[in-house]
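query_3.txt, holding compact mmCIF, C-alpha atoms:
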# COMPACT_ATOMS: atom_id res chain seq x y z
CA MET A 1 0.00 0.00 0.00
CA ALA A 2 1.38 3.38 -0.97
CA THR A 3 2.30 5.80 1.79
CA LEU A 4 0.08 8.87 1.99
CA GLN A 5 1.78 11.92 0.51
CA PHE A 6 1.34 15.57 1.47
CA THR A 7 1.77 18.30 -1.13
CA PHE A 8 2.51 21.85 0.01
CA THR A 9 2.08 25.03 -1.94
CA ASP A 10 5.31 26.52 -0.58
CA SER A 11 8.26 25.59 1.63
CA THR A 12 6.67 26.95 4.81
CA SER A 13 3.57 24.72 4.58
CA LEU A 14 3.70 22.06 7.27
CA PHE A 15 0.76 21.92 7.30
CA ARG A 16 -38.09 7.28 31.75
CA PRO A 17 -40.09 5.69 33.93
CA SER A 18 -41.65 9.19 34.14
CA LEU A 19 -40.58 11.83 36.61
CA HIS A 20 -43.54 13.05 38.67
CA SER A 21 -43.73 15.86 41.17
CA SER A 22 -43.14 14.93 44.78
CA ARG A 23 -45.68 17.55 45.86
CA THR A 24 -47.55 16.40 49.02
CA PHE A 25 -50.15 17.89 51.29
CA PRO A 26 -50.25 17.71 55.13
CA ARG A 27 -52.02 14.66 56.44
CA ASN A 28 -53.83 14.12 59.73
CA ARG A 29 -52.00 11.43 61.62
CA SER A 30 -55.26 10.36 63.31
CA LEU A 31 -58.87 11.27 62.87
CA VAL A 32 -61.16 10.71 65.84
CA VAL A 33 -64.93 11.01 65.47
CA LYS A 34 -66.50 11.41 68.87
CA ALA A 35 -70.02 10.03 69.15
CA SER A 36 -72.43 10.86 71.91
CA SER A 37 -74.60 8.30 73.59
CA SER A 38 -76.92 8.11 70.60
CA SER A 39 -78.10 5.15 68.69
CA SER A 40 -75.97 3.24 66.23
CA ASP A 41 -78.04 4.76 63.42
CA ASP A 42 -76.84 8.22 64.44
CA ILE A 43 -73.26 6.99 64.40
CA SER A 44 -73.73 5.49 60.94
CA ARG A 45 -75.27 8.72 59.65
CA SER A 46 -72.36 10.69 61.13
CA ARG A 47 -69.84 8.46 59.39
CA ARG A 48 -71.68 8.73 56.05
CA ARG A 49 -71.87 12.52 56.43
CA PHE A 50 -68.12 12.68 57.24
CA LEU A 51 -67.23 10.63 54.17
CA ALA A 52 -69.43 12.78 51.95
CA GLU A 53 -67.90 15.99 53.31
CA THR A 54 -64.39 14.61 52.90
CA ALA A 55 -65.11 13.73 49.27
CA ALA A 56 -66.48 17.23 48.67
CA ILE A 57 -63.32 18.76 50.13
CA SER A 58 -61.14 16.58 47.89
CA VAL A 59 -63.07 17.64 44.80
CA SER A 60 -62.78 21.31 45.69
CA LEU A 61 -59.01 21.27 46.24
CA PRO A 62 -57.26 23.66 43.81
CA HIS A 63 -55.25 22.22 40.88
CA PHE A 64 -51.55 22.99 40.97
CA PRO A 65 -49.93 23.04 37.49
CA ALA A 66 -46.65 21.13 37.14
CA ARG A 67 -43.55 23.25 37.42
CA ALA A 68 -41.09 23.33 34.53
CA GLU A 69 -38.58 21.14 36.35
CA ASP A 70 -41.30 18.54 37.10
CA THR A 71 -42.16 17.90 33.46
CA LEU A 72 -40.72 15.00 31.51
CA SER A 73 -37.20 15.52 30.26
CA GLU A 74 -36.44 15.65 26.55
CA TRP A 75 -33.39 13.40 27.00
CA GLU A 76 -32.83 9.84 28.15
CA ARG A 77 -29.65 8.04 29.04
CA VAL A 78 -28.49 5.21 26.80
CA TYR A 79 -26.36 2.65 28.61
CA LEU A 80 -23.38 1.38 26.66
CA PRO A 81 -21.35 -1.86 26.77
CA ILE A 82 -18.05 -0.10 27.56
CA ASP A 83 -15.74 0.54 30.49
CA PRO A 84 -16.85 3.40 32.76
CA GLY A 85 -13.65 5.37 32.19
CA VAL A 86 -14.25 5.90 28.45
CA VAL A 87 -14.73 9.48 27.23
CA LEU A 88 -17.08 9.68 24.25
CA LEU A 89 -15.74 11.99 21.53
CA ASP A 90 -17.84 11.91 18.35
CA ILE A 91 -20.87 10.36 16.68
CA ALA A 92 -22.10 10.11 13.08
CA PHE A 93 -24.78 8.32 11.06
CA VAL A 94 -24.82 7.01 7.50
CA PRO A 95 -26.93 9.46 5.43
CA ASP A 96 -28.36 6.65 3.26
CA ASP A 97 -29.37 4.70 6.39
CA PRO A 98 -30.20 7.06 9.27
CA ASN A 99 -30.57 4.16 11.70
CA HIS A 100 -26.97 3.08 11.12
CA GLY A 101 -24.36 5.02 13.10
CA PHE A 102 -21.03 4.90 14.86
CA LEU A 103 -19.87 6.27 18.22
CA LEU A 104 -16.21 6.98 19.02
CA GLY A 105 -14.23 7.43 22.21
CA THR A 106 -11.02 6.93 24.10
CA ARG A 107 -9.51 3.51 24.86
CA GLN A 108 -9.96 2.38 21.26
CA THR A 109 -13.75 2.64 21.53
CA ILE A 110 -15.88 2.18 18.42
CA LEU A 111 -19.57 1.34 18.89
CA GLU A 112 -22.18 0.69 16.21
CA THR A 113 -25.97 1.07 16.16
CA LYS A 114 -28.51 -0.10 13.62
CA ASP A 115 -31.64 1.15 15.37
CA GLY A 116 -31.09 4.90 15.40
CA GLY A 117 -29.04 4.99 18.58
CA ASN A 118 -31.36 3.14 20.95
CA THR A 119 -28.85 0.32 21.43
CA TRP A 120 -25.14 0.05 20.69
CA ALA A 121 -22.69 -2.81 20.27
CA ALA A 122 -18.90 -2.84 20.25
CA ARG A 123 -17.45 -2.86 16.74
CA SER A 124 -14.16 -4.53 15.97
CA ILE A 125 -12.04 -3.10 13.15
CA PRO A 126 -9.04 -5.39 12.61
CA SER A 127 -7.01 -2.72 10.81
CA ALA A 128 -7.27 -0.49 13.90
CA GLU A 129 -6.26 -3.12 16.43
CA ASP A 130 -2.59 -2.55 17.15
CA GLU A 131 -1.12 -4.19 20.23
CA ASP A 132 1.32 -1.31 20.73
CA PHE A 133 -1.28 1.50 20.76
CA ASN A 134 -4.46 2.38 22.60
CA TYR A 135 -6.11 4.67 20.08
CA ARG A 136 -8.20 7.71 20.90
CA PHE A 137 -10.70 8.04 18.04
CA ASN A 138 -11.39 11.77 17.74
CA SER A 139 -13.66 12.34 14.74
CA ILE A 140 -15.93 10.57 12.26
CA SER A 141 -17.81 11.81 9.19
CA PHE A 142 -19.95 10.32 6.39
CA LYS A 143 -20.95 11.49 2.93
CA GLY A 144 -23.24 8.96 1.27
CA LYS A 145 -21.76 5.54 1.98
CA GLU A 146 -18.22 6.90 2.33
CA GLY A 147 -16.90 7.47 5.84
CA TRP A 148 -13.72 8.58 7.58
CA ILE A 149 -12.30 8.17 11.09
CA VAL A 150 -9.21 9.88 12.51
CA GLY A 151 -7.50 9.32 15.84
CA LYS A 152 -4.44 9.58 18.03
CA PRO A 153 -1.77 8.24 17.70
CA ALA A 154 -2.05 9.06 14.02
CA ILE A 155 -4.58 6.75 12.38
CA LEU A 156 -6.87 7.23 9.38
CA LEU A 157 -9.67 4.81 8.48
CA TYR A 158 -11.83 4.87 5.34
CA THR A 159 -14.99 3.01 4.30
CA ALA A 160 -16.78 2.97 0.95
CA ASP A 161 -19.62 0.65 2.03
CA ALA A 162 -21.29 2.51 4.93
CA GLY A 163 -18.97 1.05 7.53
CA GLU A 164 -19.35 -2.62 6.71
CA SER A 165 -15.58 -2.71 6.18
CA TRP A 166 -12.85 -0.20 7.02
CA GLU A 167 -9.50 0.28 5.33
CA ARG A 168 -6.52 1.82 7.08
CA ILE A 169 -4.83 4.57 5.04
CA PRO A 170 -1.09 4.97 5.76
CA LEU A 171 0.02 8.39 7.01
CA SER A 172 3.30 10.24 6.71
CA ALA A 173 5.39 10.49 9.86
CA GLU A 174 5.88 14.18 9.03
CA LEU A 175 2.24 15.04 9.62
CA PRO A 176 2.30 18.12 11.89
CA GLY A 177 0.28 17.59 15.05
CA ASP A 178 -2.45 15.15 15.95
CA MET A 179 -5.54 14.74 13.79
CA VAL A 180 -8.53 16.09 15.69
CA TYR A 181 -11.20 16.56 13.02
CA ILE A 182 -12.25 15.18 9.64
CA LYS A 183 -15.12 16.10 7.33
CA ALA A 184 -16.32 14.00 4.39
CA THR A 185 -16.88 16.51 1.59
CA GLY A 186 -17.66 14.44 -1.52
CA GLU A 187 -16.82 11.33 -3.50
CA LYS A 188 -13.44 10.08 -2.26
CA SER A 189 -12.92 13.56 -0.79
CA ALA A 190 -12.38 14.82 2.76
CA GLU A 191 -10.95 17.69 4.79
CA MET A 192 -8.72 17.00 7.80
CA VAL A 193 -7.46 19.28 10.59
CA THR A 194 -4.67 18.77 13.13
CA ASP A 195 -4.28 20.39 16.53
CA GLU A 196 -1.40 22.47 15.16
CA GLY A 197 -3.69 24.14 12.63
CA ALA A 198 -2.76 22.17 9.52
CA ILE A 199 -5.70 21.74 7.13
CA TYR A 200 -5.41 19.14 4.39
CA VAL A 201 -7.80 18.11 1.61
CA THR A 202 -7.90 14.92 -0.47
CA ALA A 203 -9.82 13.91 -3.57
CA ASN A 204 -8.48 10.36 -4.04
CA ARG A 205 -9.51 8.38 -0.94
CA GLY A 206 -6.74 9.84 1.17
CA TYR A 207 -3.71 8.66 -0.80
CA ASN A 208 -2.61 12.23 -1.46
CA TRP A 209 -3.32 15.34 0.56
CA ARG A 210 -2.91 19.01 -0.32
CA ALA A 211 -2.26 21.68 2.29
CA ALA A 212 -5.02 24.31 2.38
CA VAL A 213 -3.05 26.53 4.77
CA GLN A 214 0.27 27.85 3.52
CA GLU A 215 1.71 28.87 6.88
CA THR A 216 1.95 27.34 10.32
CA VAL A 217 0.00 28.95 13.14
CA SER A 218 3.24 29.61 15.00
CA ALA A 219 4.64 31.45 11.98
CA THR A 220 1.45 33.48 11.70
CA LEU A 221 1.67 34.50 15.35
CA ASN A 222 5.32 35.47 15.00
CA ARG A 223 4.24 37.94 12.33
CA THR A 224 1.24 39.26 14.25
CA VAL A 225 2.60 39.62 17.81
CA SER A 226 3.37 43.24 17.06
CA SER A 227 -0.24 43.66 15.86
CA GLY A 228 -1.53 43.41 19.41
CA ILE A 229 -2.78 39.83 19.73
CA SER A 230 -2.78 39.39 23.50
CA GLY A 231 -1.28 36.10 24.65
CA ALA A 232 0.23 35.17 21.28
CA SER A 233 3.72 34.99 22.80
CA TYR A 234 2.46 32.26 25.17
CA TYR A 235 1.08 30.09 22.39
CA THR A 236 2.15 26.48 22.89
CA GLY A 237 1.57 25.45 19.29
CA THR A 238 -1.74 23.59 19.59
CA PHE A 239 -5.47 24.23 19.60
CA ASN A 240 -7.73 23.47 22.52
CA THR A 241 -10.83 23.16 20.32
CA VAL A 242 -11.66 23.59 16.64
CA ASN A 243 -15.13 23.75 15.04
CA ARG A 244 -16.26 23.89 11.42
CA SER A 245 -19.31 25.67 10.01
CA PRO A 246 -21.48 24.02 7.33
CA ASP A 247 -19.95 26.32 4.70
CA GLY A 248 -16.36 25.37 5.57
CA ARG A 249 -15.26 28.15 7.94
CA TYR A 250 -13.29 27.27 11.07
CA VAL A 251 -12.93 28.79 14.52
CA ALA A 252 -10.26 27.49 16.92
CA VAL A 253 -9.33 28.32 20.51
CA SER A 254 -5.68 28.47 21.56
CA SER A 255 -4.53 25.88 24.07
CA ARG A 256 -4.42 28.45 26.91
CA GLY A 257 -7.71 30.05 25.92
CA ASN A 258 -6.24 33.56 25.72
CA PHE A 259 -7.18 34.20 22.06
CA TYR A 260 -8.91 32.54 19.14
CA LEU A 261 -8.33 32.08 15.41
CA THR A 262 -10.53 31.84 12.34
CA TRP A 263 -10.01 30.52 8.80
CA GLU A 264 -12.09 30.66 5.65
CA PRO A 265 -11.56 28.68 2.43
CA GLY A 266 -9.07 30.48 0.23
CA GLN A 267 -7.20 32.25 3.02
CA PRO A 268 -3.46 31.42 3.11
CA PHE A 269 -3.24 31.35 6.90
CA TRP A 270 -5.26 31.49 10.12
CA GLN A 271 -6.47 34.89 11.35
CA PRO A 272 -5.81 35.47 15.09
CA HIS A 273 -8.26 37.49 17.20
CA ASN A 274 -8.13 38.99 20.67
CA ARG A 275 -10.72 37.61 23.03
CA ALA A 276 -13.35 40.22 23.87
CA VAL A 277 -13.93 38.93 27.40
CA ALA A 278 -11.87 38.97 30.59
CA ARG A 279 -11.97 35.26 31.33
CA ARG A 280 -10.19 32.72 29.18
CA ILE A 281 -12.07 30.98 26.41
CA GLN A 282 -13.25 27.40 26.90
CA ASN A 283 -14.78 26.71 23.49
CA MET A 284 -16.23 28.44 20.45
CA GLY A 285 -18.51 27.38 17.64
CA TRP A 286 -21.03 28.43 15.01
CA ARG A 287 -24.65 29.32 15.56
CA ALA A 288 -27.32 28.16 13.13
CA ASP A 289 -27.63 31.72 11.79
CA GLY A 290 -23.91 31.93 10.97
CA GLY A 291 -22.82 33.88 14.05
CA LEU A 292 -20.50 32.65 16.80
CA TRP A 293 -21.07 31.43 20.33
CA LEU A 294 -18.28 31.65 22.91
CA LEU A 295 -17.89 29.86 26.25
CA VAL A 296 -15.52 31.04 28.98
CA ARG A 297 -14.07 29.13 31.88
CA GLY A 298 -16.35 29.27 34.88
CA GLY A 299 -19.65 28.99 33.04
CA GLY A 300 -20.09 32.18 31.00
CA LEU A 301 -21.79 32.19 27.58
CA TYR A 302 -21.47 34.92 24.95
CA LEU A 303 -22.98 35.47 21.50
CA SER A 304 -21.39 37.49 18.71
CA LYS A 305 -23.18 40.53 17.39
CA GLY A 306 -24.58 39.83 13.95
CA THR A 307 -24.04 36.77 11.81
CA GLY A 308 -20.54 37.31 10.41
CA LEU A 309 -17.05 37.16 11.90
CA THR A 310 -16.60 39.79 14.59
CA GLU A 311 -14.74 40.42 17.84
CA GLU A 312 -17.82 41.95 19.48
CA PHE A 313 -19.69 39.65 21.86
CA GLU A 314 -22.53 40.06 24.36
CA GLU A 315 -22.90 37.95 27.50
CA VAL A 316 -26.09 35.96 27.98
CA PRO A 317 -27.18 35.06 31.55
CA VAL A 318 -27.18 31.31 32.20
CA GLN A 319 -27.88 29.13 35.23
CA SER A 320 -24.67 27.12 35.18
CA ARG A 321 -24.44 26.72 39.00
CA GLY A 322 -20.77 27.68 38.72
CA PHE A 323 -19.89 24.68 36.55
CA GLY A 324 -18.23 25.22 33.19
CA ILE A 325 -20.28 25.00 30.00
CA LEU A 326 -18.33 22.94 27.49
CA ASP A 327 -20.32 22.83 24.25
CA VAL A 328 -23.38 24.17 22.42
CA GLY A 329 -25.36 22.37 19.72
CA TYR A 330 -28.11 23.88 17.59
CA ARG A 331 -31.21 21.82 16.76
CA SER A 332 -32.70 24.64 14.70
CA THR A 333 -32.19 28.37 14.20
CA ASP A 334 -34.09 29.07 17.42
CA GLU A 335 -33.50 25.99 19.58
CA ALA A 336 -30.12 24.97 20.97
CA TRP A 337 -28.77 22.98 23.90
CA ALA A 338 -25.68 23.65 26.00
CA ALA A 339 -23.91 21.03 28.12
CA GLY A 340 -21.13 21.06 30.67
CA GLY A 341 -19.68 19.94 33.95
CA SER A 342 -21.60 17.93 36.52
CA GLY A 343 -24.47 17.10 34.20
CA ILE A 344 -25.37 20.68 33.24
CA LEU A 345 -27.99 20.88 30.46
CA LEU A 346 -29.39 24.20 29.24
CA ARG A 347 -31.96 24.95 26.55
CA THR A 348 -32.82 28.01 24.50
CA THR A 349 -35.80 28.46 22.19
CA ASN A 350 -35.05 32.01 21.07
CA GLY A 351 -31.68 31.66 19.37
CA GLY A 352 -29.67 31.88 22.59
CA GLN A 353 -31.02 35.08 24.13
CA SER A 354 -32.23 33.23 27.24
CA TRP A 355 -31.57 29.76 28.63
CA ILE A 356 -33.47 27.41 30.97
CA ARG A 357 -31.81 24.56 32.85
CA ASP A 358 -33.04 21.03 32.20
CA LYS A 359 -32.53 18.80 35.22
CA ALA A 360 -32.42 15.61 33.16
CA ALA A 361 -28.76 14.91 33.95
CA ASP A 362 -28.49 16.46 37.42
CA ASN A 363 -28.05 13.04 39.02
CA ILE A 364 -25.49 11.83 36.47
CA ALA A 365 -21.99 12.17 37.93
CA ALA A 366 -20.30 13.02 34.65
CA ASN A 367 -19.12 15.93 32.55
CA LEU A 368 -21.03 16.43 29.31
CA TYR A 369 -18.51 17.41 26.66
CA SER A 370 -20.33 17.52 23.34
CA VAL A 371 -23.81 18.21 21.90
CA LYS A 372 -24.45 16.67 18.47
CA PHE A 373 -27.65 17.08 16.46
CA ILE A 374 -27.73 14.84 13.40
CA ASP A 375 -30.97 16.54 12.32
CA ASP A 376 -33.87 18.27 14.07
CA LYS A 377 -35.22 14.96 15.39
CA LYS A 378 -32.03 13.12 16.30
CA GLY A 379 -29.52 14.43 18.82
CA PHE A 380 -27.02 13.15 21.36
CA VAL A 381 -24.97 14.47 24.26
CA LEU A 382 -21.58 12.81 24.80
CA GLY A 383 -19.79 12.73 28.15
CA ASN A 384 -17.12 11.02 30.16
CA ASP A 385 -17.51 7.70 31.96
CA GLY A 386 -19.40 6.36 28.94
CA VAL A 387 -22.36 8.70 29.39
CA LEU A 388 -24.59 9.07 26.32
CA LEU A 389 -27.88 11.00 26.29
CA ARG A 390 -30.38 10.60 23.44
CA TYR A 391 -32.78 13.37 22.41
CA LEU A 392 -36.46 12.42 22.66
CA GLY A 393 -38.04 15.64 21.43
As structure tokens, please, write out the structure in this file.
Amino acid sequence: MATLQFTFTDSTSLFRPSLHSSRTFPRNRSLVVKASSSSSDDISRSRRRFLAETAAISVSLPHFPARAEDTLSEWERVYLPIDPGVVLLDIAFVPDDPNHGFLLGTRQTILETKDGGNTWAARSIPSAEDEDFNYRFNSISFKGKEGWIVGKPAILLYTADAGESWERIPLSAELPGDMVYIKATGEKSAEMVTDEGAIYVTANRGYNWRAAVQETVSATLNRTVSSGISGASYYTGTFNTVNRSPDGRYVAVSSRGNFYLTWEPGQPFWQPHNRAVARRIQNMGWRADGGLWLLVRGGGLYLSKGTGLTEEFEEVPVQSRGFGILDVGYRSTDEAWAAGGSGILLRTTNGGQSWIRDKAADNIAANLYSVKFIDDKKGFVLGNDGVLLRYLG
């Protein structure tokens, strides 16, 4: 099998049972009916009158509507056949068969479902079973029946038959950084990103890759330090997070969270931006309307002004209970869900202007790292310790 080759454009390119309310009313511990020295008929009439009055009182009791937190949750937990220490990292379904999907995680975890995500089974891929490595599978993507998986240490898997079989594509040892994201873009085509900011594209099943970025992030920052990018001199050379919009734009957060970078197709290098907030950035991503959301360490949530790239953000109040919010996923233009530490789940129905906490995962001792909506009816929340939540709608 031929070794994957990278082509650069210039010499610098390295790149439920249901939940009911526990509402109760005070009860009389004992009820004593005192009868005088009357006949037994009087006692019987008194008892009948008491029962009738009690029934009338019960009927006249006011109706208390259920509170928001007492209603049924829109999520349910799906229990998986994996070790509790596994962190779930990505999920994808075959477009031609929406019931057929794959779930990735640490400790060489690949699970498969054929019923839409209700049940999952461990999937063995012989080409990914190496005795010397314990792979962390970071990202998966499908286009038609073609699918891609990338992981760490460097591994690239490809399928042309909806995941029935997977082929391992050899990678160059000179690949800069660890592969953290892949997107299937067309027939035999994909786009891959590393944590050092390298973006590569292929059009021949991954046998050759072309660099889309002509300059390393470190080189870009060396040029722009004098331009006032705060924290650029502390850059350690890797991204903390990277997210792609449907139209191919990227936003990435530096490893220390002190600034962020953006890239659009056709640009020769990443564009660094100062963070517009005091606290360091936890994660950033794209709203359904094309704008940005931004999460800071400690639980803050911000939305960019407008729908294009900007450094102007406005904070939105959220009930995070002091736990960090780690990801946001949009179900539609108006509805989105945010997830985070200690089972935090938040919902918005007005595009992110206000958020309400869903207590569905309050009793789950896990951090919820990722919110993934496959479409408006199918969504999942991925966490550590093998925690998977499925959207019920």
Next item on the list: Take atom CA of Thr159 of chain A and atom CA of Gly147 of chain A and report the distance between them in Å, one decimal.
Entry: 5.1 Å
Per-residue nearest contacts of segment 160-264 of chain A to segment 102-110 of chain A (12 Å; all atoms listed in the file) as a tab-separated table:
residue	atom	partner	partner_atom	distance
A:Ala162	CA	A:Phe102	CA	10.2
A:Gly163	CA	A:Phe102	CA	8.5
A:Glu164	CA	A:Phe102	CA	11.2
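For Ala276 of chain A, the set of protein, DNA and RNA residues having any atom at most 8 Å away, when counting only C-alpha atoms and skipping those fewer than 3 positions along the same chain, is Glu311, Glu312 and Phe313 of chain A.
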Check: Could you state the separation of atom CA of Leu345 of chain A and atom CA of Thr113 of chain A in Å, given to one decimal place?
Finding: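 About the pair atom CA of Leu345 of chain A and atom CA of Thr113 of chain A: they are 24.5 Å apart.
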Next item on the list: Find the distance between atom CA of Gly379 of chain A and atom CA of Val318 of chain A and write it in Å to one decimal.
Entry: 21.7 Å
Note to self: With only C-alpha atoms as the counted atoms, please give the residues lying no more than 12 Å from segment 241-247 of chain A, apart from itself and same-chain residues fewer than 3 positions off, as a PyMOL selection string.
What the structure shows: chain A and resi 138-139+179-185+191-199+238+250-257+259-265+281-295+308-309+326-330+369-370
Margin query: Could you list, as a ChimeraX atom specification, every residue within 8 Å of Ser73 of chain A, counting only C-alpha atoms and ignoring same-chain residues fewer than 2 positions away?
Written below: /A:71,75-76,358-360
Suppose we keep C-alpha atoms; can you now write the selection as a CSV table (one decimal), in the coordinates of the input?
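Dumped to result.csv:
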chain,number,residue,atom,x,y,z
A,71,THR,CA,-42.2,17.9,33.5
A,75,TRP,CA,-33.4,13.4,27.0
A,76,GLU,CA,-32.8,9.8,28.2
A,358,ASP,CA,-33.0,21.0,32.2
A,359,LYS,CA,-32.5,18.8,35.2
A,360,ALA,CA,-32.4,15.6,33.2
Note to self: as a ChimeraX atom specification, please: the residues near Gln353 of chain A (cut-off 9 Å, all atoms listed in the file, same-chain neighbours under 3 positions excluded).
What the structure shows: /A:303,316-317,348-350
Filled-in N, CA and C atoms of segment 237-252 of chain A, supplied as a PDB file, in the frame of the given file:
ATOM      1  N   GLY A 237       1.509  26.142  20.567  1.00  0.00           N
ATOM      2  CA  GLY A 237       1.570  25.450  19.290  1.00  0.00           C
ATOM      3  C   GLY A 237       0.403  24.554  18.976  1.00  0.00           C
ATOM      4  N   THR A 238      -0.602  24.469  19.851  1.00  0.00           N
ATOM      5  CA  THR A 238      -1.740  23.590  19.590  1.00  0.00           C
ATOM      6  C   THR A 238      -3.053  24.304  19.909  1.00  0.00           C
ATOM      7  N   PHE A 239      -4.113  23.751  19.336  1.00  0.00           N
ATOM      8  CA  PHE A 239      -5.470  24.230  19.600  1.00  0.00           C
ATOM      9  C   PHE A 239      -6.053  23.465  20.789  1.00  0.00           C
ATOM     10  N   ASN A 240      -6.939  24.148  21.501  1.00  0.00           N
ATOM     11  CA  ASN A 240      -7.730  23.470  22.520  1.00  0.00           C
ATOM     12  C   ASN A 240      -8.981  22.869  21.897  1.00  0.00           C
ATOM     13  N   THR A 241      -9.654  23.642  21.050  1.00  0.00           N
ATOM     14  CA  THR A 241     -10.830  23.160  20.320  1.00  0.00           C
ATOM     15  C   THR A 241     -10.811  23.739  18.916  1.00  0.00           C
ATOM     16  N   VAL A 242     -11.489  23.072  17.995  1.00  0.00           N
ATOM     17  CA  VAL A 242     -11.660  23.590  16.640  1.00  0.00           C
ATOM     18  C   VAL A 242     -13.030  23.134  16.143  1.00  0.00           C
ATOM     19  N   ASN A 243     -13.789  24.062  15.535  1.00  0.00           N
ATOM     20  CA  ASN A 243     -15.130  23.750  15.040  1.00  0.00           C
ATOM     21  C   ASN A 243     -15.319  24.298  13.638  1.00  0.00           C
ATOM     22  N   ARG A 244     -16.032  23.547  12.824  1.00  0.00           N
ATOM     23  CA  ARG A 244     -16.260  23.890  11.420  1.00  0.00           C
ATOM     24  C   ARG A 244     -17.714  24.251  11.189  1.00  0.00           C
ATOM     25  N   SER A 245     -17.953  25.285  10.388  1.00  0.00           N
ATOM     26  CA  SER A 245     -19.310  25.670  10.010  1.00  0.00           C
ATOM     27  C   SER A 245     -19.738  24.843   8.800  1.00  0.00           C
ATOM     28  N   PRO A 246     -21.036  24.787   8.504  1.00  0.00           N
ATOM     29  CA  PRO A 246     -21.480  24.020   7.330  1.00  0.00           C
ATOM     30  C   PRO A 246     -20.892  24.510   6.016  1.00  0.00           C
ATOM     31  N   ASP A 247     -20.512  25.797   5.937  1.00  0.00           N
ATOM     32  CA  ASP A 247     -19.950  26.320   4.700  1.00  0.00           C
ATOM     33  C   ASP A 247     -18.423  26.292   4.677  1.00  0.00           C
ATOM     34  N   GLY A 248     -17.800  25.595   5.631  1.00  0.00           N
ATOM     35  CA  GLY A 248     -16.360  25.370   5.570  1.00  0.00           C
ATOM     36  C   GLY A 248     -15.492  26.342   6.319  1.00  0.00           C
ATOM     37  N   ARG A 249     -16.066  27.240   7.117  1.00  0.00           N
ATOM     38  CA  ARG A 249     -15.260  28.150   7.940  1.00  0.00           C
ATOM     39  C   ARG A 249     -14.904  27.466   9.260  1.00  0.00           C
ATOM     40  N   TYR A 250     -13.752  27.854   9.809  1.00  0.00           N
ATOM     41  CA  TYR A 250     -13.290  27.270  11.070  1.00  0.00           C
ATOM     42  C   TYR A 250     -13.081  28.353  12.123  1.00  0.00           C
ATOM     43  N   VAL A 251     -13.321  27.969  13.374  1.00  0.00           N
ATOM     44  CA  VAL A 251     -12.930  28.790  14.520  1.00  0.00           C
ATOM     45  C   VAL A 251     -12.227  27.863  15.497  1.00  0.00           C
ATOM     46  N   ALA A 252     -11.068  28.314  16.010  1.00  0.00           N
ATOM     47  CA  ALA A 252     -10.260  27.490  16.920  1.00  0.00           C
ATOM     48  C   ALA A 252      -9.854  28.327  18.116  1.00  0.00           C
TER      49      ALA A 252
END
